[in-house]
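A.B. asks: Structure file entry_13.txt (compact mmCIF, C-alpha atoms) is given on the next line.
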# COMPACT_ATOMS: atom_id res chain seq x y z
CA MET A 278 214.70 -90.90 205.00
CA ASN A 279 217.55 -88.84 203.53
CA HIS A 280 217.78 -85.04 203.73
CA ARG A 281 217.21 -84.57 199.99
CA LEU A 282 213.93 -86.46 200.12
CA VAL A 283 212.85 -84.44 203.16
CA ASN A 284 213.60 -81.20 201.34
CA ILE A 285 211.68 -82.35 198.25
CA LEU A 286 208.64 -83.31 200.34
CA LEU A 287 208.84 -80.05 202.28
CA SER A 288 209.00 -78.05 199.03
CA MET A 289 205.99 -79.94 197.69
CA PHE A 290 204.09 -79.20 200.89
CA LEU A 291 204.93 -75.49 200.73
CA VAL A 292 203.91 -75.25 197.07
CA SER A 293 200.66 -77.04 197.89
CA ALA A 294 200.01 -74.73 200.86
CA LEU A 295 200.63 -71.61 198.77
CA ALA A 296 198.35 -72.91 196.02
CA ALA A 297 195.59 -73.52 198.55
CA ALA A 298 196.00 -70.06 200.03
CA ASP A 299 196.16 -67.96 196.85
CA TYR A 300 192.47 -67.04 197.01
CA ASP A 301 190.34 -65.41 199.70
CA THR A 302 187.17 -67.44 199.37
CA VAL A 303 183.95 -67.08 201.38
CA ASN A 304 180.64 -68.93 200.93
CA HIS A 305 177.15 -67.98 202.05
CA ASP A 306 175.41 -70.04 204.73
CA ASP A 307 173.60 -71.96 201.98
CA GLY A 308 176.93 -73.09 200.55
CA SER A 309 176.82 -70.87 197.48
CA LEU A 310 179.81 -68.70 196.66
CA HIS A 311 179.88 -65.22 198.17
CA TYR A 312 183.22 -64.16 196.72
CA LYS A 313 186.59 -65.49 195.58
CA ILE A 314 189.39 -62.92 195.44
CA LYS A 315 192.91 -63.69 194.27
CA LEU A 316 195.82 -63.04 196.66
CA ASN A 317 199.30 -61.93 195.70
CA ARG A 318 202.52 -63.36 197.09
CA ASP A 319 202.18 -61.16 200.18
CA GLY A 320 198.73 -62.53 200.91
CA GLN A 321 197.02 -59.31 199.78
CA ARG A 322 193.89 -59.18 197.67
CA ASP A 323 194.93 -58.45 194.11
CA GLY A 324 192.91 -58.46 190.90
CA LYS A 325 189.31 -58.30 189.75
CA TYR A 326 186.58 -59.86 191.88
CA THR A 327 182.84 -60.46 191.93
CA CYS A 328 180.57 -60.90 194.93
CA TYR A 329 177.34 -62.85 194.54
CA PHE A 330 173.98 -62.97 196.26
CA PRO A 331 173.02 -66.33 197.86
CA SER A 332 171.69 -68.75 195.25
CA GLY A 333 169.97 -71.13 197.66
CA LYS A 334 172.01 -74.06 196.39
CA PRO A 335 175.58 -75.17 197.23
CA LYS A 336 178.17 -74.69 194.49
CA LYS A 337 175.75 -72.60 192.40
CA LYS A 338 176.46 -68.89 192.03
CA GLY A 339 173.73 -66.38 192.70
CA LYS A 340 173.27 -63.09 190.88
CA LYS A 341 176.10 -60.58 190.90
CA GLN A 342 176.10 -58.20 193.89
CA GLU A 343 179.42 -56.33 193.66
CA ILE A 344 182.18 -56.01 191.06
CA GLY A 345 185.55 -54.38 191.66
CA THR A 346 189.32 -54.62 191.65
CA TYR A 347 192.01 -54.80 194.32
CA LYS A 348 195.63 -53.73 193.80
CA ASP A 349 198.15 -54.79 196.43
CA GLY A 350 195.43 -55.18 199.05
CA LYS A 351 193.62 -51.92 198.30
CA LEU A 352 190.53 -51.14 196.28
CA HIS A 353 191.62 -49.55 193.02
CA GLY A 354 189.42 -48.48 190.11
CA MET A 355 185.68 -48.91 189.59
CA ARG A 356 183.51 -50.59 192.22
CA SER A 357 179.92 -51.35 191.20
CA PHE A 358 176.98 -52.52 193.30
CA LEU A 359 173.86 -54.22 191.96
CA ASN A 360 170.55 -55.26 193.51
CA GLU A 361 168.94 -58.69 193.15
CA LYS A 362 167.24 -57.49 189.96
CA SER A 363 170.74 -56.89 188.50
CA GLN A 364 170.15 -53.13 188.50
CA LEU A 365 173.07 -50.79 189.20
CA ILE A 366 172.48 -49.07 192.56
CA LYS A 367 175.88 -47.52 193.20
CA GLU A 368 179.18 -47.05 191.40
CA GLU A 369 182.30 -45.46 192.87
CA LEU A 370 185.97 -45.05 191.96
CA TYR A 371 189.01 -45.70 194.17
CA PHE A 372 192.68 -44.84 193.88
CA PHE A 373 194.78 -47.29 195.93
CA GLY A 374 192.27 -47.47 198.76
CA ASP A 375 191.10 -43.85 198.70
CA LEU A 376 187.51 -43.19 197.62
CA VAL A 377 188.10 -40.35 195.15
CA TYR A 378 184.76 -40.34 193.30
CA PRO A 379 181.66 -41.38 195.31
CA SER A 380 179.73 -41.81 192.04
CA SER A 381 180.80 -42.48 188.48
CA GLU A 382 179.69 -40.21 185.63
CA ARG A 383 177.45 -43.02 184.38
CA PHE A 384 175.75 -43.47 187.72
CA ILE A 385 175.25 -39.72 188.22
CA LYS A 386 173.32 -39.57 184.95
CA MET A 387 171.28 -42.63 185.94
CA LYS A 388 170.53 -41.19 189.36
CA PHE A 389 169.36 -37.88 187.90
CA GLU A 390 166.84 -39.75 185.73
CA MET A 391 165.67 -41.74 188.74
CA LEU A 392 165.19 -38.53 190.74
CA LYS A 393 163.09 -37.07 187.92
CA GLN A 394 160.78 -40.07 187.97
CA GLU A 395 160.58 -40.04 191.77
CA ALA A 396 159.74 -36.33 191.74
CA LYS A 397 156.92 -36.82 189.24
CA ALA A 398 155.45 -39.62 191.34
CA SER A 399 155.78 -37.59 194.54
CA VAL A 400 154.00 -34.56 193.08
CA ALA A 401 151.27 -36.69 191.50
CA ALA A 402 150.62 -38.37 194.86
CA MET A 403 149.82 -34.98 196.41
CA GLY A 404 146.62 -34.66 194.40
CA THR A 405 144.82 -31.32 194.26
CA LEU A 406 146.78 -28.56 195.95
CA LYS A 407 145.41 -26.00 198.38
CA ASN A 408 146.57 -23.03 196.33
CA GLU A 409 144.81 -22.89 192.96
CA ASN A 410 147.54 -20.62 191.60
CA ALA A 411 150.29 -23.11 192.35
CA ALA A 412 152.75 -24.00 189.61
CA SER A 413 151.90 -26.94 187.37
CA ALA A 414 152.74 -30.49 188.37
CA ASP A 415 155.46 -30.60 185.69
CA VAL A 416 157.13 -27.44 187.01
CA LEU A 417 156.95 -28.60 190.62
CA ALA A 418 158.41 -32.00 189.70
CA ALA A 419 161.26 -30.33 187.81
CA VAL A 420 162.02 -28.09 190.80
CA LEU A 421 162.03 -31.02 193.20
CA ALA A 422 164.22 -33.18 190.95
CA ARG A 423 166.74 -30.39 190.46
CA ALA A 424 167.02 -29.72 194.19
CA ASN A 425 167.48 -33.40 195.00
CA SER A 426 170.03 -33.75 192.19
CA TYR A 427 172.25 -31.14 193.83
CA ARG A 428 171.71 -32.86 197.16
CA PHE A 429 172.75 -36.20 195.68
CA LEU A 430 176.06 -34.77 194.50
CA ALA A 431 176.57 -33.12 197.89
CA GLY A 432 176.18 -36.48 199.62
CA VAL A 433 173.05 -35.61 201.62
CA PRO A 434 169.67 -37.42 201.55
CA THR A 435 167.64 -37.06 198.37
CA ASP A 436 164.22 -37.72 199.88
CA VAL A 437 163.21 -34.06 200.21
CA ALA A 438 159.54 -33.66 199.23
CA PHE A 439 156.92 -30.94 198.92
CA ARG A 440 154.33 -30.10 201.54
CA ASP A 441 151.02 -28.64 200.40
CA ASP A 442 151.09 -25.83 202.98
CA TYR A 443 154.70 -24.98 202.06
CA ILE A 444 153.70 -24.73 198.39
CA HIS A 445 150.87 -22.42 199.45
CA TYR A 446 153.18 -20.16 201.48
CA ALA A 447 155.73 -20.10 198.65
CA GLN A 448 153.10 -19.21 196.06
CA GLU A 449 151.71 -16.42 198.25
CA GLY A 450 155.28 -15.23 198.89
CA ALA A 451 156.02 -15.05 195.15
CA GLU A 452 152.77 -13.18 194.53
CA LEU A 453 153.53 -10.77 197.36
CA CYS A 454 156.94 -9.99 195.85
CA GLN A 455 155.27 -9.48 192.48
CA ALA A 456 152.79 -7.10 194.09
CA ILE A 457 155.47 -4.93 195.73
CA GLY A 458 157.76 -5.14 192.68
CA ASN A 459 160.85 -6.58 194.38
CA ILE A 460 162.07 -9.42 196.55
CA ASN A 461 162.00 -8.81 200.28
CA HIS A 462 162.21 -11.30 203.12
CA HIS A 463 160.29 -8.91 205.39
CA PRO A 464 157.86 -7.04 203.12
CA LYS A 465 155.25 -4.53 204.19
CA ASN A 466 151.58 -5.11 203.42
CA PRO A 467 150.68 -3.51 200.07
CA GLY A 468 147.00 -3.55 201.02
CA TRP A 469 146.31 -7.28 200.97
CA PRO A 470 143.72 -8.98 203.21
CA GLU A 471 145.27 -9.85 206.55
CA GLN A 472 145.39 -13.66 206.11
CA ALA A 473 146.72 -13.48 202.55
CA PHE A 474 149.48 -11.11 203.65
CA LYS A 475 150.30 -13.29 206.65
CA ASP A 476 150.71 -16.35 204.42
CA GLY A 477 152.75 -14.40 201.86
CA TYR A 478 154.96 -12.95 204.57
CA LYS A 479 155.58 -16.44 205.92
CA GLY A 480 156.70 -17.56 202.48
CA CYS A 481 159.04 -14.57 202.08
CA SER A 482 160.54 -14.86 205.55
CA HIS A 483 161.06 -18.64 205.32
CA GLY A 484 162.10 -18.83 201.72
CA ASN A 485 164.76 -18.24 199.10
CA LEU A 486 163.54 -15.48 196.76
CA PHE A 487 164.38 -14.86 193.12
CA ASN A 488 163.64 -11.96 190.78
CA GLY A 489 163.99 -12.90 187.11
CA ARG A 490 163.74 -16.69 187.09
CA ASN A 491 161.01 -19.25 187.55
CA GLY A 492 160.75 -23.01 188.00
CA PRO A 493 163.84 -25.25 188.17
CA ALA A 494 166.12 -22.46 186.88
CA THR A 495 165.77 -20.82 190.28
CA ILE A 496 167.45 -23.83 191.94
CA ASP A 497 170.50 -23.28 189.75
CA GLY A 498 170.45 -19.60 190.72
CA TYR A 499 170.25 -20.33 194.42
CA ILE A 500 173.17 -22.77 194.15
CA ASP A 501 175.18 -20.13 192.26
CA ASP A 502 174.67 -17.53 195.01
CA SER A 503 178.01 -15.89 194.09
CA ASP A 504 177.07 -12.29 193.36
CA ASP A 505 178.55 -9.56 195.54
CA SER A 506 175.51 -9.46 197.82
CA ASN A 507 175.41 -13.22 198.53
CA ARG A 508 178.92 -14.69 198.19
CA ASP A 509 179.88 -13.84 201.78
CA ARG A 510 177.47 -16.50 203.07
CA VAL A 511 176.01 -18.46 200.08
CA GLY A 512 172.98 -18.85 202.30
CA HIS A 513 170.44 -19.82 199.64
CA ARG A 514 172.75 -22.65 198.56
CA ARG A 515 173.35 -23.84 202.10
CA TRP A 516 169.63 -24.10 202.84
CA ILE A 517 169.06 -26.30 199.78
CA LEU A 518 172.00 -28.51 200.82
CA TRP A 519 170.95 -28.58 204.49
CA LYS A 520 171.56 -32.21 205.42
CA ASP A 521 168.41 -32.51 207.54
CA LEU A 522 166.01 -30.74 205.15
CA ALA A 523 162.69 -32.57 205.04
CA HIS A 524 160.20 -30.55 202.97
CA ILE A 525 160.10 -27.55 200.65
CA GLY A 526 157.53 -25.50 198.75
CA HIS A 527 157.83 -23.63 195.46
CA GLY A 528 155.85 -20.74 193.98
CA ASP A 529 156.06 -18.58 190.82
CA ALA A 530 154.36 -15.27 190.04
CA GLY A 531 155.41 -13.17 187.07
CA ARG A 532 159.18 -12.67 187.36
CA MET A 533 159.21 -13.65 191.04
CA SER A 534 159.87 -17.02 192.67
CA CYS A 535 159.88 -18.28 196.23
CA LEU A 536 161.30 -21.54 197.57
CA TYR A 537 160.00 -22.25 201.08
CA VAL A 538 163.06 -23.97 202.53
CA ILE A 539 163.49 -22.91 206.15
CA GLY A 540 161.12 -25.43 207.63
CA GLU A 541 161.26 -28.33 210.03
CA ALA A 542 164.26 -30.61 210.33
CA LYS A 543 163.99 -34.35 209.98
CA ALA A 544 163.41 -36.21 213.22
CA GLU A 545 166.29 -38.54 212.37
CA LYS A 546 169.38 -36.45 211.70
CA SER A 547 171.72 -37.34 208.85
CA PRO A 548 175.25 -38.34 209.98
CA VAL A 549 177.01 -36.16 207.40
CA PRO A 550 180.20 -34.56 208.81
CA PHE A 551 180.35 -31.72 206.28
CA THR A 552 178.73 -30.44 203.11
CA SER A 553 180.37 -28.51 200.30
CA TRP A 554 179.89 -27.07 196.86
CA PRO A 555 181.31 -28.10 194.58
CA SER A 556 181.16 -31.47 196.23
CA LYS A 557 183.56 -34.38 196.24
CA GLY A 558 183.77 -36.27 192.95
CA PHE A 559 182.33 -35.64 189.51
CA VAL A 560 180.27 -32.47 188.96
CA PRO A 561 178.34 -31.78 185.70
CA MET A 562 179.40 -28.62 183.88
CA ASN A 563 175.79 -27.39 183.75
CA MET A 564 175.64 -27.34 187.54
CA PHE A 565 178.59 -25.04 188.13
CA GLY A 566 180.17 -21.84 186.83
CA ALA A 567 183.69 -20.42 186.73
CA HIS A 568 182.56 -17.42 188.80
CA TYR A 569 181.05 -19.53 191.62
CA ALA A 570 182.19 -19.18 195.21
CA TRP A 571 183.32 -22.51 196.69
CA HIS A 572 182.30 -23.40 200.23
CA CYS A 573 182.67 -26.02 202.92
CA ALA A 574 180.20 -26.27 205.82
CA PRO A 575 181.70 -28.38 208.66
CA GLN A 576 178.95 -29.66 210.94
CA LYS A 577 178.77 -28.65 214.58
CA GLY A 578 179.89 -31.46 216.84
CA TRP A 579 182.25 -32.75 214.16
CA TYR A 580 184.56 -29.75 213.80
CA SER A 581 185.32 -26.36 215.27
CA ILE A 582 186.38 -23.52 212.99
CA GLU A 583 189.43 -21.49 213.96
CA LYS A 584 190.01 -17.82 213.12
CA ASN A 585 192.54 -18.69 210.43
CA ALA A 586 190.29 -21.14 208.57
CA GLU A 587 190.72 -21.11 204.80
CA LEU A 588 189.53 -23.01 201.75
CA ASN A 589 192.16 -23.40 199.02
CA ILE A 590 191.94 -24.91 195.55
CA TYR A 591 194.80 -26.69 193.77
CA HIS A 592 195.27 -28.35 190.43
CA LEU A 593 195.16 -32.16 190.60
CA ASN A 594 198.17 -34.34 189.82
CA PRO A 595 196.45 -37.15 187.84
CA LYS A 596 199.23 -39.62 188.64
CA THR A 597 198.92 -39.35 192.41
CA TYR A 598 195.46 -37.79 192.86
CA LYS A 599 197.10 -35.29 195.18
CA LYS A 600 197.35 -31.51 194.92
CA HIS A 601 199.87 -30.06 192.52
CA GLY A 602 201.64 -26.70 192.63
CA ASP A 603 200.49 -23.55 194.39
CA PRO A 604 196.84 -22.84 195.25
CA LEU A 605 194.76 -20.91 192.74
CA PRO A 606 194.49 -17.15 193.31
CA ILE A 607 191.45 -16.26 195.43
CA LYS A 608 189.69 -12.93 195.02
CA PHE A 609 187.26 -13.26 197.94
CA ARG A 610 187.32 -15.13 201.26
CA ASN A 611 185.03 -15.28 204.24
CA VAL A 612 184.09 -17.44 207.21
CA ASP A 613 180.36 -17.09 207.82
CA LYS A 614 178.89 -18.10 211.17
CA GLY A 615 175.32 -17.06 210.39
CA GLY A 616 173.89 -20.55 210.64
CA PHE A 617 172.42 -20.86 207.13
CA GLY A 618 171.68 -24.53 206.62
CA ARG A 619 172.24 -24.95 210.38
CA SER A 620 176.03 -24.72 210.02
CA HIS A 621 178.90 -22.31 209.56
CA ALA A 622 180.77 -22.06 206.26
CA ILE A 623 184.26 -21.39 204.95
CA ILE A 624 184.03 -19.61 201.59
CA ALA A 625 186.49 -18.82 198.80
CA GLN A 626 185.83 -17.39 195.34
CA PRO A 627 188.68 -18.13 192.91
CA ASP A 628 189.93 -15.58 190.43
CA GLN A 629 189.68 -16.81 186.81
CA LEU A 630 188.99 -20.49 187.47
CA PRO A 631 190.15 -22.56 184.45
CA LEU A 632 186.86 -24.40 184.14
CA LYS A 633 186.30 -26.91 181.35
CA ALA A 634 185.21 -30.51 180.95
CA GLY A 635 187.84 -32.74 182.52
CA ALA A 636 189.26 -30.00 184.75
CA SER A 637 190.23 -31.52 188.10
CA PHE A 638 191.06 -29.82 191.37
CA VAL A 639 191.92 -30.66 194.96
CA VAL A 640 190.10 -28.70 197.66
CA GLU A 641 191.84 -28.36 201.02
CA VAL A 642 190.35 -26.70 204.11
CA THR A 643 192.70 -25.65 206.89
CA GLY A 644 192.20 -23.99 210.27
CA VAL A 645 189.52 -26.50 211.31
CA LYS A 646 189.84 -28.71 214.39
CA LYS A 647 188.35 -32.20 214.48
CA LEU A 648 186.06 -32.87 217.44
CA LYS A 649 185.39 -36.52 216.59
CA GLU A 650 188.00 -39.19 216.06
CA ASN A 651 186.26 -40.41 212.89
CA ALA A 652 185.86 -36.95 211.36
CA PRO A 653 187.32 -37.08 207.83
CA ASP A 654 190.02 -34.73 206.60
CA LEU A 655 188.53 -31.71 204.83
CA SER A 656 190.23 -32.40 201.52
CA TRP A 657 188.63 -33.81 198.35
CA VAL A 658 188.91 -34.07 194.58
CA VAL A 659 186.52 -32.32 192.17
CA THR A 660 186.36 -33.20 188.47
CA PHE A 661 183.99 -31.46 186.04
CA PHE A 662 182.39 -33.29 183.15
Just give me the structure of the file as structure tokens.
C.D. replies:
Amino acid sequence: MNHRLVNILLSMFLVSALAAADYDTVNHDDGSLHYKIKLNRDGQRDGKYTCYFPSGKPKKKGKKQEIGTYKDGKLHGMRSFLNEKSQLIKEELYFFGDLVYPSSERFIKMKFEMLKQEAKASVAAMGTLKNENAASADVLAAVLARANSYRFLAGVPTDVAFRDDYIHYAQEGAELCQAIGNINHHPKNPGWPEQAFKDGYKGCSHGNLFNGRNGPATIDGYIDDSDDSNRDRVGHRRWILWKDLAHIGHGDAGRMSCLYVIGEAKAEKSPVPFTSWPSKGFVPMNMFGAHYAWHCAPQKGWYSIEKNAELNIYHLNPKTYKKHGDPLPIKFRNVDKGGFGRSHAIIAQPDQLPLKAGASFVVEVTGVKKLKENAPDLSWVVTFF
């Protein structure tokens, strides 16, 4: 066999080998296709792909399970997940392997509607409440849905529910504040019967209190928490976003409201390394304000906070999804170690935040030491819509 023929055969073999290896293909145990992802010349996943559920039959595709795109071996763009009923259950956005947006705008809107329906069902399942003056089922459901909506964006569990006794304490707390004419976490007895005062006091001392709002609007107010008397700790906000929060109670009386929120923690703790507001990803404009203080609450055991810890906010470079230019001017800073929401917090209130739909920022927290090898960097992208 001459050298030319050998070279031709070798070239044919190499071409054949490359053609056979230009897809990353995996089947389920039943022989049906799991996924088939194209590879580039460097053997990296590259291009759009679809993953399928098992179909039960070889060579027959099941229903779609995951849809996404790879670019040079890294996830890039939208990644959608569906259940076996072909319903969207998650949708996130990547930039060359980095998860920039944990949820798409579309999925956030869908999730909010789901949380509203779940809240209505949860309140309805409680039946007749102990306190006959409790807020209506519609108001309670709206409060619960709003609280869990903020929690969803913050990346903490959204299964917080009401407890009948917590609703009772919150209602008595709101009525006690109405009776004394102001909000007070440790009020004096205005002449109430001993048990009624005891229950009201428990609501006031274990709750977020509001003078001037009722119902779900109070949740927005607690998340705001940026007035001169609250911005140093944003404690009301941090309790609502407490990662291990299990149950709450809500009560309205006149202009007063009480949210019983300092209750028991879940038995199974949530493995969330830090919480923040605004949180990573897309944030609706009606859930934030230009005057808001920004905060990051690193969890104990994950991080330790140094004396020089700071939270800074930068404009986003849309081409690189990295920070651009100098940090925004900050008019107020603080590191609070009071334990609200069972964590410490690094707080910064920007001066004249250029807030509008589409505005995007990079948040960067410094002066924090990682205590776990898998602790993520405290830096994330926020985009308002």
A.B. asks: Which residue gives the smallest distance to Glu545 in chain A among A:Lys600, A:Lys520, A:Lys649, A:Arg508, with only C-alpha atoms counted?
C.D. replies: A:Lys520
A.B. asks: Can you work out which one of A:Glu382, A:Glu471, A:Asp476, A:Glu650 has the shortest atom-to-atom distance to Phe559 in chain A, counting all atoms listed in the file?
C.D. replies: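 Of A:Glu382, A:Glu471, A:Asp476, A:Glu650, the one nearest Phe559 in chain A is A:Glu382, counting all atoms listed in the file.
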A.B. asks: Expressed in Å to a single decimal, how great is the separation between CA of Ile623 in chain A and CA of Ile517 in chain A?
C.D. replies: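 Straight-line distance from CA of Ile623 in chain A to CA of Ile517 in chain A works out to 16.8 Å.
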A.B. asks: Kindly indicate which residue among A:Thr346, A:Asn410, A:Thr660, A:Gln394 lies nearest to Tyr371 in chain A, using all atoms listed in the file for the distances.
C.D. replies: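 Using all atoms listed in the file, the shortest distance to Tyr371 in chain A belongs to A:Thr346.
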A.B. asks: Mind giving me the straight-line distance from CA of Ala622 in chain A to CA of Cys573 in chain A in Å, one decimal?
C.D. replies: 5.5 Å
A.B. asks: (203.4, -29.7, 192.0) in this file's frame - what residues fall within 10 Å of it? Use only C-alpha atoms and give the answer as number ranges by chain.
C.D. replies: A: 591-594, 599-603
A.B. asks: Near range 531-539 of chain A, counting all atoms listed in the file, which residues have an atom at most 6 Å away, once you skip same-chain residues fewer than 4 positions from it, shown as a list of chain:residue names?
C.D. replies: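 So the residues in contact are A:Ala447, A:Ala451, A:Gln455, A:Gly480, A:His483, A:Gly484, A:Asn485, A:Leu486, A:Phe487, A:Asn488, A:Gly489, A:Asn491, A:Ile525, A:Gly526, A:His527.
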A.B. asks: Residues near Glu641 in chain A, anyone? I mean within 6 Å using only C-alpha atoms, not counting same-chain ones fewer than 5 positions away, as a list in words.
C.D. replies: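 Listed by chain and then number, they are Leu588, Asn589 and Ser656 of chain A.
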A.B. asks: Hey, can you check how far CA of Phe439 in chain A sits from CA of Asp529 in chain A?
C.D. replies: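 Interatomic distance here is 14.8 Å.
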A.B. asks: Neighbours of Ser413 in chain A within 12 Å (all atoms listed in the file; same-chain residues fewer than 5 positions away dropped), as a PDB file with C-alpha atoms, in the coordinates of the input?
C.D. replies:
ATOM      1  CA  LYS A 397     156.920 -36.820 189.240  1.00  0.00           C
ATOM      2  CA  VAL A 400     154.000 -34.560 193.080  1.00  0.00           C
ATOM      3  CA  ALA A 401     151.270 -36.690 191.500  1.00  0.00           C
ATOM      4  CA  GLY A 404     146.620 -34.660 194.400  1.00  0.00           C
ATOM      5  CA  THR A 405     144.820 -31.320 194.260  1.00  0.00           C
ATOM      6  CA  LEU A 406     146.780 -28.560 195.950  1.00  0.00           C
ATOM      7  CA  ASN A 408     146.570 -23.030 196.330  1.00  0.00           C
ATOM      8  CA  ALA A 418     158.410 -32.000 189.700  1.00  0.00           C
ATOM      9  CA  ALA A 419     161.260 -30.330 187.810  1.00  0.00           C
ATOM     10  CA  VAL A 420     162.020 -28.090 190.800  1.00  0.00           C
ATOM     11  CA  ILE A 444     153.700 -24.730 198.390  1.00  0.00           C
ATOM     12  CA  GLN A 448     153.100 -19.210 196.060  1.00  0.00           C
ATOM     13  CA  ASN A 491     161.010 -19.250 187.550  1.00  0.00           C
ATOM     14  CA  GLY A 492     160.750 -23.010 188.000  1.00  0.00           C
ATOM     15  CA  HIS A 527     157.830 -23.630 195.460  1.00  0.00           C
ATOM     16  CA  GLY A 528     155.850 -20.740 193.980  1.00  0.00           C
ATOM     17  CA  ASP A 529     156.060 -18.580 190.820  1.00  0.00           C
TER      18      ASP A 529
END
A.B. asks: Around range 309-323 of chain A, fit a box with edges along x, y and z, padding it by 8 Å on each side, then list its centre and edge lengths in Å to one decimal as JSON.
C.D. replies:
{"center_x": 189.7, "center_y": -64.7, "center_z": 197.5, "size_x": 41.7, "size_y": 28.4, "size_z": 22.8}
A.B. asks: Counting all atoms listed in the file, write as a PyMOL selection string all protein and nucleic acid residues lying at most 9 Å from (188.8, -16.9, 188.4) in the file's frame.
C.D. replies: chain A and resi 567-569+605-608+626-632
A.B. asks: Any chance you can output those residues with C-alpha atoms as a PDB file, in the frame of the given file?
C.D. replies:
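This is the output file result.pdb:
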ATOM      1  CA  ALA A 567     183.690 -20.420 186.730  1.00  0.00           C
ATOM      2  CA  HIS A 568     182.560 -17.420 188.800  1.00  0.00           C
ATOM      3  CA  TYR A 569     181.050 -19.530 191.620  1.00  0.00           C
ATOM      4  CA  LEU A 605     194.760 -20.910 192.740  1.00  0.00           C
ATOM      5  CA  PRO A 606     194.490 -17.150 193.310  1.00  0.00           C
ATOM      6  CA  ILE A 607     191.450 -16.260 195.430  1.00  0.00           C
ATOM      7  CA  LYS A 608     189.690 -12.930 195.020  1.00  0.00           C
ATOM      8  CA  GLN A 626     185.830 -17.390 195.340  1.00  0.00           C
ATOM      9  CA  PRO A 627     188.680 -18.130 192.910  1.00  0.00           C
ATOM     10  CA  ASP A 628     189.930 -15.580 190.430  1.00  0.00           C
ATOM     11  CA  GLN A 629     189.680 -16.810 186.810  1.00  0.00           C
ATOM     12  CA  LEU A 630     188.990 -20.490 187.470  1.00  0.00           C
ATOM     13  CA  PRO A 631     190.150 -22.560 184.450  1.00  0.00           C
ATOM     14  CA  LEU A 632     186.860 -24.400 184.140  1.00  0.00           C
TER      15      LEU A 632
END
A.B. asks: With distances taken over all atoms listed in the file, which residue among A:Phe372, A:Phe429, A:Tyr499, A:Phe358 lies nearest Lys388 in chain A?
C.D. replies: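 When distances to Lys388 in chain A are compared using all atoms listed in the file, the smallest one comes from A:Phe429.
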A.B. asks: For Lys475 in chain A, work out the shell of residues within 10 Å, counting only C-alpha atoms and skipping chain neighbours fewer than 3 positions away, then give it as an NGL selection string.
C.D. replies: :A and (446 or 449-450 or 466 or 469-472 or 478-481)
A.B. asks: Per residue of range 529-607 of chain A within 9 Å of range 612-618 of chain A, note the shortest atom pair and the distance in Å to one decimal, counting all atoms listed in the file, and order the rows by chain and increasing residue number, as a tab-separated table.
C.D. replies:
residue	atom	partner	partner_atom	distance
A:Ile539	CA	A:Gly618	CA	8.4
A:Ala574	CA	A:Gly618	CA	8.7
A:Ile582	CA	A:Val612	CA	8.7
A:Lys584	CA	A:Val612	CA	8.4
A:Ala586	CA	A:Val612	CA	7.3
A:Glu587	CA	A:Val612	CA	8.0
A.B. asks: Which is closer to Ile460 in chain A than all the others in A:Gly635, A:Gly477, A:Gly308, A:Pro604, using only C-alpha atoms?
C.D. replies: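 Selected residue with least distance to Ile460 in chain A: A:Gly477.
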